Each structure stands twice: as C-alpha cells, then as structure tokens.
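Structure data follow from model_21.txt (compact mmCIF, C-alpha atoms and all ligand atoms):
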# COMPACT_ATOMS: atom_id res chain seq x y z
CA MET U 101 0.00 0.00 0.00
CA LYS U 102 1.46 3.32 -0.95
CA LEU U 103 0.42 6.65 0.39
CA ILE U 104 -1.95 8.80 -1.61
CA ARG U 105 -3.59 12.13 -1.28
CA LYS U 106 -7.21 12.89 -2.09
CA THR U 107 -7.71 11.15 -5.37
CA SER U 108 -8.96 11.92 -8.83
CA LEU U 109 -12.16 10.16 -7.86
CA LEU U 110 -13.01 13.06 -5.66
CA LEU U 111 -12.58 15.38 -8.61
CA LEU U 112 -14.69 13.11 -10.75
CA LEU U 113 -17.41 12.79 -8.15
CA GLY U 114 -17.14 16.28 -6.73
CA THR U 115 -20.25 17.93 -5.36
CA GLY U 116 -20.83 19.78 -8.62
CA LEU U 117 -21.63 16.55 -10.42
CA LEU U 118 -23.90 15.08 -7.80
CA PRO U 119 -27.60 15.47 -7.19
CA GLN U 120 -28.34 17.97 -4.47
CA VAL U 121 -29.74 15.79 -1.74
CA GLY U 122 -27.89 17.06 1.27
CA LEU U 123 -24.69 15.18 0.60
CA THR U 124 -21.90 15.77 3.01
CA ALA U 125 -19.28 14.98 0.39
CA GLY U 126 -15.87 15.90 1.66
CA VAL U 127 -17.19 17.14 4.97
CA HIS U 128 -15.79 15.58 8.09
CA GLN U 129 -18.81 14.39 10.04
CA HIS U 130 -18.55 11.63 12.60
CA GLY U 131 -20.96 8.75 11.90
CA VAL U 132 -20.97 9.43 8.17
CA ALA U 133 -18.74 7.91 5.51
CA GLN U 134 -18.63 7.97 1.73
CA LEU U 135 -18.08 5.20 -0.77
CA ASP U 136 -17.29 6.02 -4.37
CA VAL U 137 -18.02 3.29 -6.91
CA VAL U 138 -16.77 3.78 -10.44
CA ILE U 139 -17.47 1.12 -13.05
CA GLU U 140 -15.63 1.62 -16.31
CA PRO U 141 -15.53 -1.90 -17.70
CA PRO U 142 -13.40 -3.80 -17.17
CA ALA U 143 -12.21 -1.48 -14.38
CA LEU U 144 -13.94 -1.17 -11.06
CA THR U 145 -12.76 1.34 -8.47
CA LEU U 146 -14.06 1.46 -4.93
CA ALA U 147 -12.95 4.26 -2.64
CA LEU U 148 -13.95 4.62 0.96
CA HIS U 149 -13.65 7.92 2.83
CA SER U 150 -14.35 8.00 6.53
CA PRO U 151 -13.50 9.99 9.59
CA LEU U 152 -11.04 7.83 11.48
CA ALA U 153 -13.24 8.07 14.57
CA ASN U 154 -15.83 5.85 12.85
CA LEU U 155 -13.25 3.12 12.44
CA ILE U 156 -11.02 3.14 15.52
CA GLY U 157 -12.66 5.62 17.86
CA PHE U 158 -9.97 8.29 17.84
CA GLU U 159 -8.32 10.63 15.33
CA HIS U 160 -5.03 11.63 16.86
CA PRO U 161 -1.83 9.79 16.01
CA PRO U 162 -1.85 6.60 18.10
CA ALA U 163 -0.10 7.19 21.38
CA THR U 164 -0.80 4.30 23.69
CA ALA U 165 -0.06 0.64 22.98
CA GLU U 166 -3.80 0.01 22.72
CA GLU U 167 -4.25 2.79 20.16
CA GLN U 168 -1.25 1.56 18.17
CA ALA U 169 -2.76 -1.92 18.10
CA LEU U 170 -6.12 -0.58 16.87
CA TRP U 171 -4.44 1.44 14.16
CA ALA U 172 -2.26 -1.48 13.05
CA GLU U 173 -5.29 -3.74 12.92
CA LEU U 174 -7.26 -1.24 10.86
CA GLN U 175 -4.44 -0.93 8.33
CA GLU U 176 -4.18 -4.70 8.09
CA HIS U 177 -7.91 -5.13 7.60
CA MET U 178 -8.16 -2.36 5.04
CA GLN U 179 -5.52 -4.11 2.94
CA GLN U 180 -7.97 -7.00 2.56
CA PRO U 181 -10.88 -5.61 0.56
CA GLU U 182 -12.76 -8.91 0.79
CA LEU U 183 -13.23 -8.21 4.50
CA GLN U 184 -15.02 -4.96 3.68
CA LEU U 185 -16.72 -5.30 0.29
CA LEU U 186 -18.08 -8.45 -1.32
CA LEU U 187 -18.29 -8.45 -5.09
CA PRO U 188 -20.46 -10.91 -7.03
CA GLN U 189 -18.39 -14.01 -7.85
CA ALA U 190 -19.83 -14.07 -11.35
CA ALA U 191 -18.23 -10.74 -12.20
CA ASP U 192 -14.82 -12.41 -11.90
CA CYS U 193 -13.04 -9.44 -10.34
CA SER U 194 -9.42 -9.47 -9.31
CA LEU U 195 -7.70 -6.85 -7.22
CA GLN U 196 -5.09 -4.90 -9.18
CA SER U 197 -3.93 -2.47 -6.52
CA SER U 198 -4.99 -0.72 -3.38
CA ASP U 199 -3.95 2.54 -1.80
CA MET U 200 -4.45 4.06 1.59
CA ASN U 201 -3.69 7.57 2.70
CA ASP U 202 -1.86 8.59 5.85
CA PRO U 203 -4.70 10.10 7.89
CA PHE U 204 -2.30 11.73 10.31
CA ALA U 205 -0.47 13.69 7.61
CA HIS U 206 -3.61 15.67 6.85
CA HIS U 207 -3.75 17.43 10.17
CA ALA U 208 -0.16 18.58 9.99
CA GLN U 209 -0.60 19.88 6.45
CA HIS U 210 -3.83 21.74 6.95
CA SER U 211 -3.89 22.86 10.54
CA HIS U 212 -3.19 26.41 9.38
CA THR U 213 -6.17 26.59 7.01
CA HIS U 214 -9.07 25.03 8.80
CA GLU U 215 -12.26 25.97 7.04
CA ASP U 216 -14.82 23.60 8.47
CA GLU U 217 -17.11 24.10 11.38
CA HIS U 218 -14.98 22.12 13.77
CA ASP U 219 -13.09 23.71 16.56
CA ASP U 220 -9.45 23.38 15.77
CA ASP U 221 -8.37 22.56 19.27
CA HIS U 222 -8.38 18.82 18.72
CA ASP U 223 -7.35 16.48 15.94
CA HIS U 224 -9.55 15.30 13.13
CA ALA U 225 -8.40 12.76 10.59
CA ASP U 226 -9.93 11.01 7.60
CA LEU U 227 -9.05 7.65 6.16
CA THR U 228 -9.22 7.15 2.42
CA VAL U 229 -8.71 3.69 1.01
CA GLU U 230 -9.02 2.87 -2.64
CA TYR U 231 -9.28 -0.49 -4.38
CA HIS U 232 -8.78 -1.06 -8.08
CA PHE U 233 -10.27 -4.20 -9.58
CA HIS U 234 -10.32 -5.72 -13.02
CA CYS U 235 -13.62 -7.51 -13.69
CA THR U 236 -13.72 -9.70 -16.77
CA ARG U 237 -17.53 -9.97 -16.58
CA SER U 238 -18.52 -6.61 -15.20
CA GLU U 239 -22.05 -7.05 -16.55
CA TYR U 240 -22.54 -9.17 -13.42
CA LEU U 241 -21.72 -6.25 -11.15
CA LYS U 242 -25.31 -5.85 -10.05
CA HIS U 243 -24.86 -5.56 -6.31
CA LEU U 244 -22.31 -5.23 -3.57
CA ASP U 245 -22.45 -6.49 -0.01
CA LEU U 246 -20.77 -4.42 2.65
CA PRO U 247 -19.41 -6.31 5.67
CA LEU U 248 -17.74 -2.96 6.26
CA LEU U 249 -20.90 -1.74 7.92
CA GLN U 250 -20.94 -4.65 10.36
CA ASN U 251 -17.23 -4.38 11.06
CA TYR U 252 -17.42 -0.66 11.80
CA PRO U 253 -20.71 0.23 13.49
CA GLY U 254 -19.28 3.73 13.91
CA ILE U 255 -20.36 4.22 10.28
CA GLU U 256 -24.03 4.96 10.87
CA LYS U 257 -24.64 6.33 7.43
CA LEU U 258 -22.84 5.46 4.21
CA GLU U 259 -23.29 7.74 1.24
CA VAL U 260 -22.59 5.79 -1.92
CA ARG U 261 -21.75 7.79 -4.99
CA MET U 262 -21.75 5.77 -8.17
CA LEU U 263 -20.57 6.35 -11.69
CA THR U 264 -21.58 3.41 -13.86
CA PRO U 265 -22.23 2.87 -17.56
CA SER U 266 -25.84 3.89 -16.81
CA GLY U 267 -24.84 7.24 -15.35
CA GLN U 268 -24.46 8.83 -11.92
CA HIS U 269 -26.32 7.49 -8.93
CA LEU U 270 -26.56 8.05 -5.24
CA GLN U 271 -27.63 5.68 -2.49
CA ILE U 272 -27.65 6.20 1.24
CA LEU U 273 -27.20 3.08 3.36
CA GLN U 274 -28.16 3.27 7.01
CA THR U 275 -28.57 -0.34 8.10
CA PRO U 276 -25.67 -2.74 8.32
CA ASP U 277 -27.26 -5.59 6.38
CA GLN U 278 -28.36 -3.52 3.42
CA ARG U 279 -27.24 -4.69 0.01
CA LEU U 280 -26.03 -2.07 -2.38
CA THR U 281 -27.66 -2.32 -5.78
CA LEU U 282 -25.46 -1.20 -8.64
CA PRO U 283 -27.61 0.47 -11.27
ZN ZN U 301 -13.22 14.17 13.69

The structure given in the file should be rewritten as structure tokens.
Ligand SMILES: [Zn+2]
Amino acid sequence: MKLIRKTSLLLLLGTGLLPQVGLTAGVHQHGVAQLDVVIEPPALTLALHSPLANLIGFEHPPATAEEQALWAELQEHMQQPELQLLLPQAADCSLQSSDMNDPFAHHAQHSHTHEDEHDDDHDHADLTVEYHFHCTRSEYLKHLDLPLLQNYPGIEKLEVRMLTPSGQHLQILQTPDQRLTLP
C-alpha cells in the first residue's frame, strides 16, 4: 500500500456533479462515511472515505499501545478488501492495486487553514482507502455487499456515490445488512 492524497475520484465525483440531496461529500462528520463506486468496464474502483473516529474511535496519532494496536489492525484489515466489500463471484473481479492515505499527515498539512465548522483545538483525521479491480464480466456487477458496515458500526450512514455505464447514482445506506444495488 502506498500513500496517496485525495484522489482523482473526488474530482470526478465532486459535489458539482452530484444530485443535491444534502450530501456531506468531503465534509468531516462523525458517523458518516462515503463510498465512491466507479465502473468503467473492465475497471472497477471502490474508494472509501471516513473519519477515522468511525473506524477506531480516535483521530489523533496513536499514542498508547492500545491505540497503536487498533491502528495497526485497521491498516491490516483495510488491505484486505474482501473483508469490507463483497463483489459478485460471477463478475470475476481481481484486485489490481490498493492505496491508503496517511490520515495523520492531513492534520499537519492543513492545521493552518481550517475551514470547516470544527473547533481546531483537537485532531480530526480522515481515512481514504481505494481499491482497483479488473472484472472480466462486469455485466454481473449488479450488487455489492458491505461487511464494512458490520465491522465498523461507527459508520451509521454510508453515502454511496456511483458512476456506472448507466450514469451517476446516489444511495444512502443506514442499516448494516443492506445490500447495495449497482444500477
Ligand atoms: Zn473528527
């Protein structure tokens, strides 16, 4: 896993392109996370953006042994997309690459230009992890199951932004067992 910054996906799926339905795209809000799904056959890209608090319960660089263990475990689990996102077998997808940002670099870089509504007297950090798949039968990409939502109950609301051959779509998932339909 190499380090990345905010990705081209965010440019592609920026707020300007999305329906106005109260999306919190790019806004750091605890309990809310975003998933970008881009299907450009045979390529499939899945990118998850979440406040770190949803995933490990804190957003400062890990200090204690317990925090370091939680952070290490998160990194390990995020490197295994099959633990988070289940693709239909029939689509015959294979992982090409995955990238994860360094959520603790953000605070250092941007602490001088804080524009959001948060008080700046404590740390906030976002995790972005991106998976690139090659799907030989992407016509079978009709749904996606998200163990992610069971693994991380801190994600109470997942905003799914999709760009598929049929156009742009938005779905909001708020229950852990909900299946994502790919239009
Ligand atoms: Zn925060």

Could you give me, as JSON lines, a per-residue list for stretch 170-207 of chain U showing, wherever an atom lies at most 6 Å from an atom of stretch 237-246 of chain U, the closest pair of atoms and their distance in Å to one decimal, using only C-alpha atoms and sorting by chain then residue number from low to high?
{"residue": "U:Gln184", "atom": "CA", "partner": "U:Leu246", "partner_atom": "CA", "distance": 5.9}
{"residue": "U:Leu185", "atom": "CA", "partner": "U:Leu246", "partner_atom": "CA", "distance": 4.8}
{"residue": "U:Leu186", "atom": "CA", "partner": "U:Asp245", "partner_atom": "CA", "distance": 5.0}
{"residue": "U:Leu187", "atom": "CA", "partner": "U:Leu244", "partner_atom": "CA", "distance": 5.4}
{"residue": "U:Ala190", "atom": "CA", "partner": "U:Tyr240", "partner_atom": "CA", "distance": 6.0}
{"residue": "U:Ala191", "atom": "CA", "partner": "U:Arg237", "partner_atom": "CA", "distance": 4.5}
{"residue": "U:Asp192", "atom": "CA", "partner": "U:Arg237", "partner_atom": "CA", "distance": 5.9}

Would you pick out the contacts of stretch 145-161 of chain U at 8 Å or less, using all atoms listed in the file, so that residues sharing its chain but fewer than 4 positions from it are not included, and give the list as a ChimeraX atom specification? /U:109,128-139,170-171,174,203-204,223-233,252-255

Please, could you write that set of residues out with C-alpha atoms as a PDB file, keeping the file's coordinate frame?
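Just written: result.pdb:
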ATOM      1  CA  LEU U 109     -12.160  10.160  -7.860  1.00  0.00           C
ATOM      2  CA  HIS U 128     -15.790  15.580   8.090  1.00  0.00           C
ATOM      3  CA  GLN U 129     -18.810  14.390  10.040  1.00  0.00           C
ATOM      4  CA  HIS U 130     -18.550  11.630  12.600  1.00  0.00           C
ATOM      5  CA  GLY U 131     -20.960   8.750  11.900  1.00  0.00           C
ATOM      6  CA  VAL U 132     -20.970   9.430   8.170  1.00  0.00           C
ATOM      7  CA  ALA U 133     -18.740   7.910   5.510  1.00  0.00           C
ATOM      8  CA  GLN U 134     -18.630   7.970   1.730  1.00  0.00           C
ATOM      9  CA  LEU U 135     -18.080   5.200  -0.770  1.00  0.00           C
ATOM     10  CA  ASP U 136     -17.290   6.020  -4.370  1.00  0.00           C
ATOM     11  CA  VAL U 137     -18.020   3.290  -6.910  1.00  0.00           C
ATOM     12  CA  VAL U 138     -16.770   3.780 -10.440  1.00  0.00           C
ATOM     13  CA  ILE U 139     -17.470   1.120 -13.050  1.00  0.00           C
ATOM     14  CA  LEU U 170      -6.120  -0.580  16.870  1.00  0.00           C
ATOM     15  CA  TRP U 171      -4.440   1.440  14.160  1.00  0.00           C
ATOM     16  CA  LEU U 174      -7.260  -1.240  10.860  1.00  0.00           C
ATOM     17  CA  PRO U 203      -4.700  10.100   7.890  1.00  0.00           C
ATOM     18  CA  PHE U 204      -2.300  11.730  10.310  1.00  0.00           C
ATOM     19  CA  ASP U 223      -7.350  16.480  15.940  1.00  0.00           C
ATOM     20  CA  HIS U 224      -9.550  15.300  13.130  1.00  0.00           C
ATOM     21  CA  ALA U 225      -8.400  12.760  10.590  1.00  0.00           C
ATOM     22  CA  ASP U 226      -9.930  11.010   7.600  1.00  0.00           C
ATOM     23  CA  LEU U 227      -9.050   7.650   6.160  1.00  0.00           C
ATOM     24  CA  THR U 228      -9.220   7.150   2.420  1.00  0.00           C
ATOM     25  CA  VAL U 229      -8.710   3.690   1.010  1.00  0.00           C
ATOM     26  CA  GLU U 230      -9.020   2.870  -2.640  1.00  0.00           C
ATOM     27  CA  TYR U 231      -9.280  -0.490  -4.380  1.00  0.00           C
ATOM     28  CA  HIS U 232      -8.780  -1.060  -8.080  1.00  0.00           C
ATOM     29  CA  PHE U 233     -10.270  -4.200  -9.580  1.00  0.00           C
ATOM     30  CA  TYR U 252     -17.420  -0.660  11.800  1.00  0.00           C
ATOM     31  CA  PRO U 253     -20.710   0.230  13.490  1.00  0.00           C
ATOM     32  CA  GLY U 254     -19.280   3.730  13.910  1.00  0.00           C
ATOM     33  CA  ILE U 255     -20.360   4.220  10.280  1.00  0.00           C
TER      34      ILE U 255
END

Pick from U:Pro276, U:Pro247, U:Pro265, U:Pro181, whichever lies nearest to U:Asp199 using all atoms listed in the file: U:Pro181

Quick one: pull the distance between atom CA of U:Leu249 and atom CA of U:His177, Å, one decimal. 13.4 Å

First collect every listed atom of stretch 159-168 of chain U; then fit an axis-aligned box around them, widen it by 8 Å on each side, and give centre and edge lengths in Å to one decimal, as JSON.
{"center_x": -4.2, "center_y": 5.8, "center_z": 19.5, "size_x": 24.3, "size_y": 27.6, "size_z": 24.4}

At what distance in Å, to one decimal, does atom CA of U:Cys235 lie from atom CA of U:Glu259?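 Atom CA of U:Glu259 sits 23.4 Å away from atom CA of U:Cys235.
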
Near-U:His269 list (9 Å; only C-alpha atoms; drop same-chain fewer than 3 positions) as a list in words: Leu118, Pro119, Val260, Arg261, Met262, Leu263, Thr264, Ser266, Leu282 and Pro283 of chain U

Restricting the calculation to all atoms listed in the file, which member of U:Val127, U:Leu248, U:Ala205, U:Ala143 is positioned closest to ligand ZN 301 (chain U)?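 Of U:Val127, U:Leu248, U:Ala205, U:Ala143, the one nearest ligand ZN 301 (chain U), counting all atoms listed in the file, is U:Val127.
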
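With atom CA of U:Glu176 on one side and atom CA of U:Leu270 on the other, the separation reads 29.0 Å.
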